[in-house]
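> Hey, dropping structure_33.pdb in here, PDB, N, CA and C atoms, pLDDT in the B column:
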```pdb
ATOM      1  N   MET M   1    -148.280  31.313  28.172  1.00 50.00           N
ATOM      2  CA  MET M   1    -148.780  30.368  29.169  1.00 50.00           C
ATOM      3  C   MET M   1    -148.317  28.954  28.803  1.00 50.00           C
ATOM      4  N   PRO M   2    -147.690  28.233  29.744  1.00 54.00           N
ATOM      5  CA  PRO M   2    -147.214  26.887  29.435  1.00 54.00           C
ATOM      6  C   PRO M   2    -148.373  25.917  29.218  1.00 54.00           C
ATOM      7  N   GLN M   3    -148.138  24.952  28.354  1.00 61.00           N
ATOM      8  CA  GLN M   3    -149.114  23.902  28.113  1.00 61.00           C
ATOM      9  C   GLN M   3    -149.076  22.924  29.286  1.00 61.00           C
ATOM     10  N   ALA M   4    -150.172  22.176  29.458  1.00 54.00           N
ATOM     11  CA  ALA M   4    -150.247  21.213  30.565  1.00 54.00           C
ATOM     12  C   ALA M   4    -149.103  20.215  30.501  1.00 54.00           C
ATOM     13  N   GLN M   5    -148.735  19.787  29.292  1.00 62.00           N
ATOM     14  CA  GLN M   5    -147.651  18.825  29.142  1.00 62.00           C
ATOM     15  C   GLN M   5    -146.336  19.414  29.648  1.00 62.00           C
ATOM     16  N   ASP M   6    -146.102  20.708  29.386  1.00 75.00           N
ATOM     17  CA  ASP M   6    -144.885  21.367  29.855  1.00 75.00           C
ATOM     18  C   ASP M   6    -144.810  21.370  31.382  1.00 75.00           C
ATOM     19  N   ILE M   7    -145.940  21.574  32.007  1.00 78.00           N
ATOM     20  CA  ILE M   7    -145.990  21.641  33.469  1.00 78.00           C
ATOM     21  C   ILE M   7    -145.597  20.305  34.083  1.00 78.00           C
ATOM     22  N   LYS M   8    -145.889  19.213  33.406  1.00 83.00           N
ATOM     23  CA  LYS M   8    -145.558  17.882  33.909  1.00 83.00           C
ATOM     24  C   LYS M   8    -144.125  17.465  33.607  1.00 83.00           C
ATOM     25  N   ASP M   9    -143.408  18.252  32.838  1.00 89.00           N
ATOM     26  CA  ASP M   9    -142.067  17.897  32.384  1.00 89.00           C
ATOM     27  C   ASP M   9    -141.004  18.299  33.408  1.00 89.00           C
ATOM     28  N   PRO M  10    -140.363  17.324  34.054  1.00 91.00           N
ATOM     29  CA  PRO M  10    -139.333  17.648  35.045  1.00 91.00           C
ATOM     30  C   PRO M  10    -138.178  18.466  34.461  1.00 91.00           C
ATOM     31  N   ALA M  11    -137.865  18.237  33.194  1.00 93.00           N
ATOM     32  CA  ALA M  11    -136.759  18.969  32.563  1.00 93.00           C
ATOM     33  C   ALA M  11    -137.038  20.470  32.535  1.00 93.00           C
ATOM     34  N   ARG M  12    -138.294  20.843  32.356  1.00 93.00           N
ATOM     35  CA  ARG M  12    -138.668  22.265  32.366  1.00 93.00           C
ATOM     36  C   ARG M  12    -138.297  22.897  33.706  1.00 93.00           C
ATOM     37  N   TRP M  13    -138.634  22.215  34.794  1.00 93.00           N
ATOM     38  CA  TRP M  13    -138.392  22.767  36.131  1.00 93.00           C
ATOM     39  C   TRP M  13    -136.910  22.752  36.468  1.00 93.00           C
ATOM     40  N   ARG M  14    -136.190  21.738  36.018  1.00 94.00           N
ATOM     41  CA  ARG M  14    -134.740  21.706  36.253  1.00 94.00           C
ATOM     42  C   ARG M  14    -134.054  22.843  35.493  1.00 94.00           C
ATOM     43  N   ALA M  15    -134.531  23.125  34.301  1.00 95.00           N
ATOM     44  CA  ALA M  15    -133.966  24.229  33.514  1.00 95.00           C
ATOM     45  C   ALA M  15    -134.204  25.561  34.218  1.00 95.00           C
ATOM     46  N   ARG M  16    -135.395  25.724  34.785  1.00 93.00           N
ATOM     47  CA  ARG M  16    -135.684  26.964  35.522  1.00 93.00           C
ATOM     48  C   ARG M  16    -134.771  27.087  36.743  1.00 93.00           C
ATOM     49  N   ALA M  17    -134.559  25.981  37.450  1.00 94.00           N
ATOM     50  CA  ALA M  17    -133.667  26.001  38.616  1.00 94.00           C
ATOM     51  C   ALA M  17    -132.259  26.399  38.193  1.00 94.00           C
ATOM     52  N   LYS M  18    -131.788  25.807  37.101  1.00 97.00           N
ATOM     53  CA  LYS M  18    -130.447  26.128  36.595  1.00 97.00           C
ATOM     54  C   LYS M  18    -130.358  27.605  36.219  1.00 97.00           C
ATOM     55  N   GLU M  19    -131.395  28.093  35.576  1.00 95.00           N
ATOM     56  CA  GLU M  19    -131.419  29.506  35.169  1.00 95.00           C
ATOM     57  C   GLU M  19    -131.308  30.434  36.384  1.00 95.00           C
ATOM     58  N   PHE M  20    -132.044  30.133  37.453  1.00 92.00           N
ATOM     59  CA  PHE M  20    -131.983  30.976  38.652  1.00 92.00           C
ATOM     60  C   PHE M  20    -130.613  30.889  39.323  1.00 92.00           C
ATOM     61  N   ARG M  21    -130.004  29.695  39.312  1.00 94.00           N
ATOM     62  CA  ARG M  21    -128.668  29.574  39.900  1.00 94.00           C
ATOM     63  C   ARG M  21    -127.638  30.393  39.112  1.00 94.00           C
ATOM     64  N   GLU M  22    -127.757  30.329  37.789  1.00 96.00           N
ATOM     65  CA  GLU M  22    -126.826  31.098  36.955  1.00 96.00           C
ATOM     66  C   GLU M  22    -127.020  32.600  37.142  1.00 96.00           C
ATOM     67  N   LEU M  23    -128.261  33.030  37.235  1.00 93.00           N
ATOM     68  CA  LEU M  23    -128.525  34.454  37.461  1.00 93.00           C
ATOM     69  C   LEU M  23    -128.013  34.894  38.829  1.00 93.00           C
ATOM     70  N   ALA M  24    -128.155  34.023  39.816  1.00 94.00           N
ATOM     71  CA  ALA M  24    -127.727  34.359  41.182  1.00 94.00           C
ATOM     72  C   ALA M  24    -126.226  34.595  41.255  1.00 94.00           C
ATOM     73  N   GLU M  25    -125.464  33.930  40.400  1.00 95.00           N
ATOM     74  CA  GLU M  25    -124.003  34.104  40.405  1.00 95.00           C
ATOM     75  C   GLU M  25    -123.597  35.543  40.115  1.00 95.00           C
ATOM     76  N   ASP M  26    -124.423  36.257  39.346  1.00 94.00           N
ATOM     77  CA  ASP M  26    -124.074  37.618  38.938  1.00 94.00           C
ATOM     78  C   ASP M  26    -124.683  38.706  39.827  1.00 94.00           C
ATOM     79  N   VAL M  27    -125.408  38.293  40.857  1.00 91.00           N
ATOM     80  CA  VAL M  27    -126.076  39.270  41.732  1.00 91.00           C
ATOM     81  C   VAL M  27    -125.152  39.603  42.901  1.00 91.00           C
ATOM     82  N   SER M  28    -124.946  40.893  43.128  1.00 94.00           N
ATOM     83  CA  SER M  28    -124.041  41.298  44.212  1.00 94.00           C
ATOM     84  C   SER M  28    -124.763  41.413  45.556  1.00 94.00           C
ATOM     85  N   ASP M  29    -126.055  41.684  45.524  1.00 93.00           N
ATOM     86  CA  ASP M  29    -126.842  41.802  46.765  1.00 93.00           C
ATOM     87  C   ASP M  29    -127.076  40.394  47.333  1.00 93.00           C
ATOM     88  N   GLU M  30    -126.486  40.152  48.500  1.00 94.00           N
ATOM     89  CA  GLU M  30    -126.543  38.809  49.098  1.00 94.00           C
ATOM     90  C   GLU M  30    -127.969  38.359  49.392  1.00 94.00           C
ATOM     91  N   GLN M  31    -128.810  39.262  49.831  1.00 93.00           N
ATOM     92  CA  GLN M  31    -130.197  38.900  50.150  1.00 93.00           C
ATOM     93  C   GLN M  31    -130.949  38.469  48.877  1.00 93.00           C
ATOM     94  N   VAL M  32    -130.746  39.206  47.811  1.00 92.00           N
ATOM     95  CA  VAL M  32    -131.378  38.863  46.528  1.00 92.00           C
ATOM     96  C   VAL M  32    -130.815  37.541  46.016  1.00 92.00           C
ATOM     97  N   ARG M  33    -129.515  37.387  46.140  1.00 91.00           N
ATOM     98  CA  ARG M  33    -128.874  36.147  45.688  1.00 91.00           C
ATOM     99  C   ARG M  33    -129.429  34.933  46.422  1.00 91.00           C
ATOM    100  N   GLN M  34    -129.568  35.042  47.742  1.00 93.00           N
ATOM    101  CA  GLN M  34    -130.117  33.941  48.535  1.00 93.00           C
ATOM    102  C   GLN M  34    -131.574  33.649  48.148  1.00 93.00           C
ATOM    103  N   SER M  35    -132.333  34.688  47.878  1.00 92.00           N
ATOM    104  CA  SER M  35    -133.721  34.503  47.441  1.00 92.00           C
ATOM    105  C   SER M  35    -133.775  33.743  46.118  1.00 92.00           C
ATOM    106  N   MET M  36    -132.883  34.089  45.215  1.00 91.00           N
ATOM    107  CA  MET M  36    -132.839  33.411  43.919  1.00 91.00           C
ATOM    108  C   MET M  36    -132.435  31.949  44.085  1.00 91.00           C
ATOM    109  N   LEU M  37    -131.508  31.685  44.991  1.00 93.00           N
ATOM    110  CA  LEU M  37    -131.093  30.310  45.236  1.00 93.00           C
ATOM    111  C   LEU M  37    -132.217  29.501  45.891  1.00 93.00           C
ATOM    112  N   ARG M  38    -133.012  30.150  46.753  1.00 92.00           N
ATOM    113  CA  ARG M  38    -134.176  29.471  47.335  1.00 92.00           C
ATOM    114  C   ARG M  38    -135.202  29.134  46.250  1.00 92.00           C
ATOM    115  N   LEU M  39    -135.392  30.054  45.320  1.00 92.00           N
ATOM    116  CA  LEU M  39    -136.310  29.791  44.205  1.00 92.00           C
ATOM    117  C   LEU M  39    -135.804  28.628  43.359  1.00 92.00           C
ATOM    118  N   ALA M  40    -134.505  28.574  43.126  1.00 92.00           N
ATOM    119  CA  ALA M  40    -133.926  27.469  42.364  1.00 92.00           C
ATOM    120  C   ALA M  40    -134.190  26.143  43.074  1.00 92.00           C
ATOM    121  N   LYS M  41    -134.023  26.132  44.378  1.00 92.00           N
ATOM    122  CA  LYS M  41    -134.276  24.923  45.158  1.00 92.00           C
ATOM    123  C   LYS M  41    -135.752  24.532  45.082  1.00 92.00           C
ATOM    124  N   ALA M  42    -136.639  25.520  45.101  1.00 93.00           N
ATOM    125  CA  ALA M  42    -138.075  25.238  44.982  1.00 93.00           C
ATOM    126  C   ALA M  42    -138.380  24.610  43.622  1.00 93.00           C
ATOM    127  N   TYR M  43    -137.740  25.125  42.566  1.00 92.00           N
ATOM    128  CA  TYR M  43    -137.936  24.528  41.236  1.00 92.00           C
ATOM    129  C   TYR M  43    -137.412  23.091  41.203  1.00 92.00           C
ATOM    130  N   ASP M  44    -136.317  22.809  41.913  1.00 93.00           N
ATOM    131  CA  ASP M  44    -135.823  21.431  42.006  1.00 93.00           C
ATOM    132  C   ASP M  44    -136.872  20.521  42.644  1.00 93.00           C
ATOM    133  N   HIS M  45    -137.530  21.017  43.684  1.00 91.00           N
ATOM    134  CA  HIS M  45    -138.578  20.225  44.346  1.00 91.00           C
ATOM    135  C   HIS M  45    -139.757  19.980  43.413  1.00 91.00           C
ATOM    136  N   VAL M  46    -140.117  20.981  42.638  1.00 92.00           N
ATOM    137  CA  VAL M  46    -141.203  20.813  41.666  1.00 92.00           C
ATOM    138  C   VAL M  46    -140.809  19.753  40.639  1.00 92.00           C
ATOM    139  N   ALA M  47    -139.553  19.753  40.208  1.00 91.00           N
ATOM    140  CA  ALA M  47    -139.073  18.749  39.248  1.00 91.00           C
ATOM    141  C   ALA M  47    -139.177  17.341  39.832  1.00 91.00           C
ATOM    142  N   ILE M  48    -138.808  17.201  41.086  1.00 90.00           N
ATOM    143  CA  ILE M  48    -138.900  15.896  41.751  1.00 90.00           C
ATOM    144  C   ILE M  48    -140.349  15.434  41.808  1.00 90.00           C
ATOM    145  N   ARG M  49    -141.248  16.344  42.162  1.00 88.00           N
ATOM    146  CA  ARG M  49    -142.676  15.985  42.209  1.00 88.00           C
ATOM    147  C   ARG M  49    -143.194  15.607  40.831  1.00 88.00           C
ATOM    148  N   ALA M  50    -142.750  16.313  39.802  1.00 87.00           N
ATOM    149  CA  ALA M  50    -143.166  16.000  38.432  1.00 87.00           C
ATOM    150  C   ALA M  50    -142.664  14.615  38.033  1.00 87.00           C
ATOM    151  N   GLU M  51    -141.431  14.274  38.428  1.00 87.00           N
ATOM    152  CA  GLU M  51    -140.896  12.944  38.133  1.00 87.00           C
ATOM    153  C   GLU M  51    -141.715  11.860  38.819  1.00 87.00           C
ATOM    154  N   LYS M  52    -142.030  12.066  40.086  1.00 84.00           N
ATOM    155  CA  LYS M  52    -142.829  11.083  40.822  1.00 84.00           C
ATOM    156  C   LYS M  52    -144.204  10.925  40.189  1.00 84.00           C
ATOM    157  N   ARG M  53    -144.807  12.048  39.824  1.00 82.00           N
ATOM    158  CA  ARG M  53    -146.134  12.014  39.222  1.00 82.00           C
ATOM    159  C   ARG M  53    -146.096  11.260  37.895  1.00 82.00           C
ATOM    160  N   SER M  54    -145.049  11.494  37.094  1.00 79.00           N
ATOM    161  CA  SER M  54    -144.965  10.820  35.792  1.00 79.00           C
ATOM    162  C   SER M  54    -144.740   9.322  35.977  1.00 79.00           C
ATOM    163  N   ARG M  55    -143.989   8.920  37.012  1.00 75.00           N
ATOM    164  CA  ARG M  55    -143.801   7.484  37.275  1.00 75.00           C
ATOM    165  C   ARG M  55    -145.121   6.836  37.664  1.00 75.00           C
ATOM    166  N   VAL M  56    -145.917   7.524  38.468  1.00 71.00           N
ATOM    167  CA  VAL M  56    -147.220   6.988  38.873  1.00 71.00           C
ATOM    168  C   VAL M  56    -148.123   6.863  37.651  1.00 71.00           C
ATOM    169  N   GLU M  57    -148.154   7.898  36.803  1.00 74.00           N
ATOM    170  CA  GLU M  57    -148.984   7.855  35.603  1.00 74.00           C
ATOM    171  C   GLU M  57    -148.517   6.756  34.663  1.00 74.00           C
ATOM    172  N   TYR M  58    -147.195   6.591  34.512  1.00 67.00           N
ATOM    173  CA  TYR M  58    -146.655   5.550  33.653  1.00 67.00           C
ATOM    174  C   TYR M  58    -147.032   4.178  34.202  1.00 67.00           C
ATOM    175  N   GLY M  59    -146.931   4.020  35.505  1.00 74.00           N
ATOM    176  CA  GLY M  59    -147.308   2.754  36.133  1.00 74.00           C
ATOM    177  C   GLY M  59    -148.773   2.428  35.908  1.00 74.00           C
ATOM    178  N   ALA M  60    -149.623   3.443  35.976  1.00 72.00           N
ATOM    179  CA  ALA M  60    -151.048   3.238  35.728  1.00 72.00           C
ATOM    180  C   ALA M  60    -151.280   2.828  34.282  1.00 72.00           C
ATOM    181  N   LEU M  61    -150.563   3.418  33.342  1.00 68.00           N
ATOM    182  CA  LEU M  61    -150.705   3.047  31.930  1.00 68.00           C
ATOM    183  C   LEU M  61    -150.279   1.603  31.696  1.00 68.00           C
ATOM    184  N   ILE M  62    -149.176   1.192  32.322  1.00 75.00           N
ATOM    185  CA  ILE M  62    -148.702  -0.183  32.183  1.00 75.00           C
ATOM    186  C   ILE M  62    -149.745  -1.145  32.748  1.00 75.00           C
ATOM    187  N   SER M  63    -150.307  -0.815  33.913  1.00 77.00           N
ATOM    188  CA  SER M  63    -151.333  -1.664  34.515  1.00 77.00           C
ATOM    189  C   SER M  63    -152.538  -1.799  33.594  1.00 77.00           C
ATOM    190  N   MET M  64    -152.978  -0.687  32.999  1.00 77.00           N
ATOM    191  CA  MET M  64    -154.119  -0.726  32.093  1.00 77.00           C
ATOM    192  C   MET M  64    -153.800  -1.573  30.863  1.00 77.00           C
ATOM    193  N   ALA M  65    -152.581  -1.482  30.359  1.00 78.00           N
ATOM    194  CA  ALA M  65    -152.186  -2.273  29.193  1.00 78.00           C
ATOM    195  C   ALA M  65    -152.189  -3.761  29.527  1.00 78.00           C
ATOM    196  N   ILE M  66    -151.724  -4.123  30.708  1.00 78.00           N
ATOM    197  CA  ILE M  66    -151.714  -5.526  31.131  1.00 78.00           C
ATOM    198  C   ILE M  66    -153.137  -6.041  31.255  1.00 78.00           C
ATOM    199  N   ILE M  67    -154.009  -5.244  31.846  1.00 80.00           N
ATOM    200  CA  ILE M  67    -155.417  -5.644  31.984  1.00 80.00           C
ATOM    201  C   ILE M  67    -156.060  -5.814  30.613  1.00 80.00           C
ATOM    202  N   ALA M  68    -155.801  -4.873  29.705  1.00 79.00           N
ATOM    203  CA  ALA M  68    -156.365  -4.965  28.357  1.00 79.00           C
ATOM    204  C   ALA M  68    -155.864  -6.218  27.645  1.00 79.00           C
ATOM    205  N   ALA M  69    -154.584  -6.534  27.796  1.00 78.00           N
ATOM    206  CA  ALA M  69    -154.036  -7.733  27.165  1.00 78.00           C
ATOM    207  C   ALA M  69    -154.663  -8.992  27.759  1.00 78.00           C
ATOM    208  N   ALA M  70    -154.831  -9.027  29.067  1.00 78.00           N
ATOM    209  CA  ALA M  70    -155.451 -10.182  29.718  1.00 78.00           C
ATOM    210  C   ALA M  70    -156.893 -10.366  29.242  1.00 78.00           C
ATOM    211  N   LEU M  71    -157.634  -9.281  29.123  1.00 80.00           N
ATOM    212  CA  LEU M  71    -159.009  -9.368  28.630  1.00 80.00           C
ATOM    213  C   LEU M  71    -159.041  -9.872  27.191  1.00 80.00           C
ATOM    214  N   ALA M  72    -158.115  -9.387  26.374  1.00 80.00           N
ATOM    215  CA  ALA M  72    -158.059  -9.839  24.982  1.00 80.00           C
ATOM    216  C   ALA M  72    -157.770 -11.337  24.917  1.00 80.00           C
ATOM    217  N   ILE M  73    -156.860 -11.804  25.739  1.00 80.00           N
ATOM    218  CA  ILE M  73    -156.540 -13.237  25.776  1.00 80.00           C
ATOM    219  C   ILE M  73    -157.759 -14.040  26.200  1.00 80.00           C
ATOM    220  N   LEU M  74    -158.468 -13.577  27.224  1.00 79.00           N
ATOM    221  CA  LEU M  74    -159.675 -14.277  27.677  1.00 79.00           C
ATOM    222  C   LEU M  74    -160.742 -14.302  26.589  1.00 79.00           C
ATOM    223  N   MET M  75    -160.909 -13.186  25.890  1.00 81.00           N
ATOM    224  CA  MET M  75    -161.898 -13.137  24.826  1.00 81.00           C
ATOM    225  C   MET M  75    -161.527 -14.089  23.696  1.00 81.00           C
ATOM    226  N   LEU M  76    -160.252 -14.132  23.327  1.00 78.00           N
ATOM    227  CA  LEU M  76    -159.803 -15.052  22.277  1.00 78.00           C
ATOM    228  C   LEU M  76    -159.972 -16.506  22.711  1.00 78.00           C
ATOM    229  N   ARG M  77    -159.637 -16.777  23.959  1.00 79.00           N
ATOM    230  CA  ARG M  77    -159.783 -18.136  24.475  1.00 79.00           C
ATOM    231  C   ARG M  77    -161.236 -18.569  24.400  1.00 79.00           C
ATOM    232  N   ASP M  78    -162.146 -17.691  24.841  1.00 75.00           N
ATOM    233  CA  ASP M  78    -163.571 -17.999  24.792  1.00 75.00           C
ATOM    234  C   ASP M  78    -164.048 -18.170  23.357  1.00 75.00           C
ATOM    235  N   HIS M  79    -163.528 -17.334  22.466  1.00 72.00           N
ATOM    236  CA  HIS M  79    -163.920 -17.411  21.066  1.00 72.00           C
ATOM    237  C   HIS M  79    -163.492 -18.747  20.450  1.00 72.00           C
ATOM    238  N   TRP M  80    -162.250 -19.156  20.705  1.00 77.00           N
ATOM    239  CA  TRP M  80    -161.743 -20.386  20.119  1.00 77.00           C
ATOM    240  C   TRP M  80    -162.313 -21.623  20.822  1.00 77.00           C
ATOM    241  N   ALA M  81    -162.653 -21.486  22.084  1.00 74.00           N
ATOM    242  CA  ALA M  81    -163.226 -22.620  22.811  1.00 74.00           C
ATOM    243  C   ALA M  81    -164.686 -22.827  22.413  1.00 74.00           C
ATOM    244  N   GLY M  82    -165.294 -21.755  21.952  1.00 60.00           N
ATOM    245  CA  GLY M  82    -166.648 -21.577  21.602  1.00 60.00           C
ATOM    246  C   GLY M  82    -167.578 -22.542  21.275  1.00 60.00           C
TER     247      GLY M  82
END
```
Would you mind writing the file out in structure tokens?

Amino acid sequence: MPQAQDIKDPARWRARAKEFRELAEDVSDEQVRQSMLRLAKAYDHVAIRAEKRSRVEYGALISMAIIAAALAILMLRDHWAG
């Protein structure tokens, strides 16, 4: 079972997409091959969503860090003005 961190990793999903594309190259049944290529495309979409989600989470972390720094500056200012 994959760890939660693995699920958020776009590289994991891109690797799965690549794996399905490579497997599809060796399949002679056209219907099966097309199904595998559709699965690869679905994994690409999951990777894109994971990238977007990680950018949003990263942006939230940066915002929290800026707020924490601003609060620290205000606290120091109040302390020194004291």
> Taking only C-alpha atoms into account, name the residue in M:Ala50, M:Ile62, M:Ala40, M:Leu71 that is nearest to Ala15 of chain M.
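So, comparing all the options, the nearest one is M:Ala40.
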> Just checking: using all atoms listed in the file, which residue out of M:Leu74, M:Ala81, M:Ala17, M:Ala68 ends up closest to Ala42 of chain M?
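Counting all atoms listed in the file, the residue closest to Ala42 of chain M is M:Ala17.
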> Mind giving me the axis-aligned box for segment 36-48 of chain M with 6 Å on every side, centre plus edges in Å to one decimal, as lines of an AutoDock Vina configuration file?

```
center_x = -136.1
center_y = 24.8
center_z = 43.3
size_x = 22.1
size_y = 30.7
size_z = 20.1
```
> I'd like to know which of M:Arg14, M:Lys8, M:Arg21, M:His79 is closest to Tyr43 of chain M, using only C-alpha atoms.
M:Arg14
> Could you expand the PyMOL selection byres (((chain M and resi 9 and name CA) around 10) and name CA) into the explicit residues it covers here, written as JSON, numbers by chain?
{"M": [4, 5, 6, 7, 8, 10, 11, 12, 13, 14, 46, 47, 50, 51, 53, 54]}
> State, in Å with one decimal place, the distance from atom CA of Val32 of chain M to atom CA of Arg49 of chain M.
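Spanning atom CA of Val32 of chain M to atom CA of Arg49 of chain M is a straight-line distance of 25.9 Å.
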> Determine the nearest neighbour of Asp44 of chain M from the options M:Ile67, M:Asp26, M:Arg16, M:Gly59, counting only N, CA and C atoms.
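Using only N, CA and C atoms, Asp44 of chain M sits closest to M:Arg16.
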> Would you work out the distance separating atom C of Lys18 of chain M from atom C of Arg33 of chain M, expressed in Å to one decimal?
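Taking atom C of Lys18 of chain M as the start and atom C of Arg33 of chain M as the end point, the length is 12.6 Å.
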> Report, in Å with one decimal, the straight-line distance from atom C of Arg38 of chain M to atom N of Phe20 of chain M.
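A separation of 9.4 Å between them.
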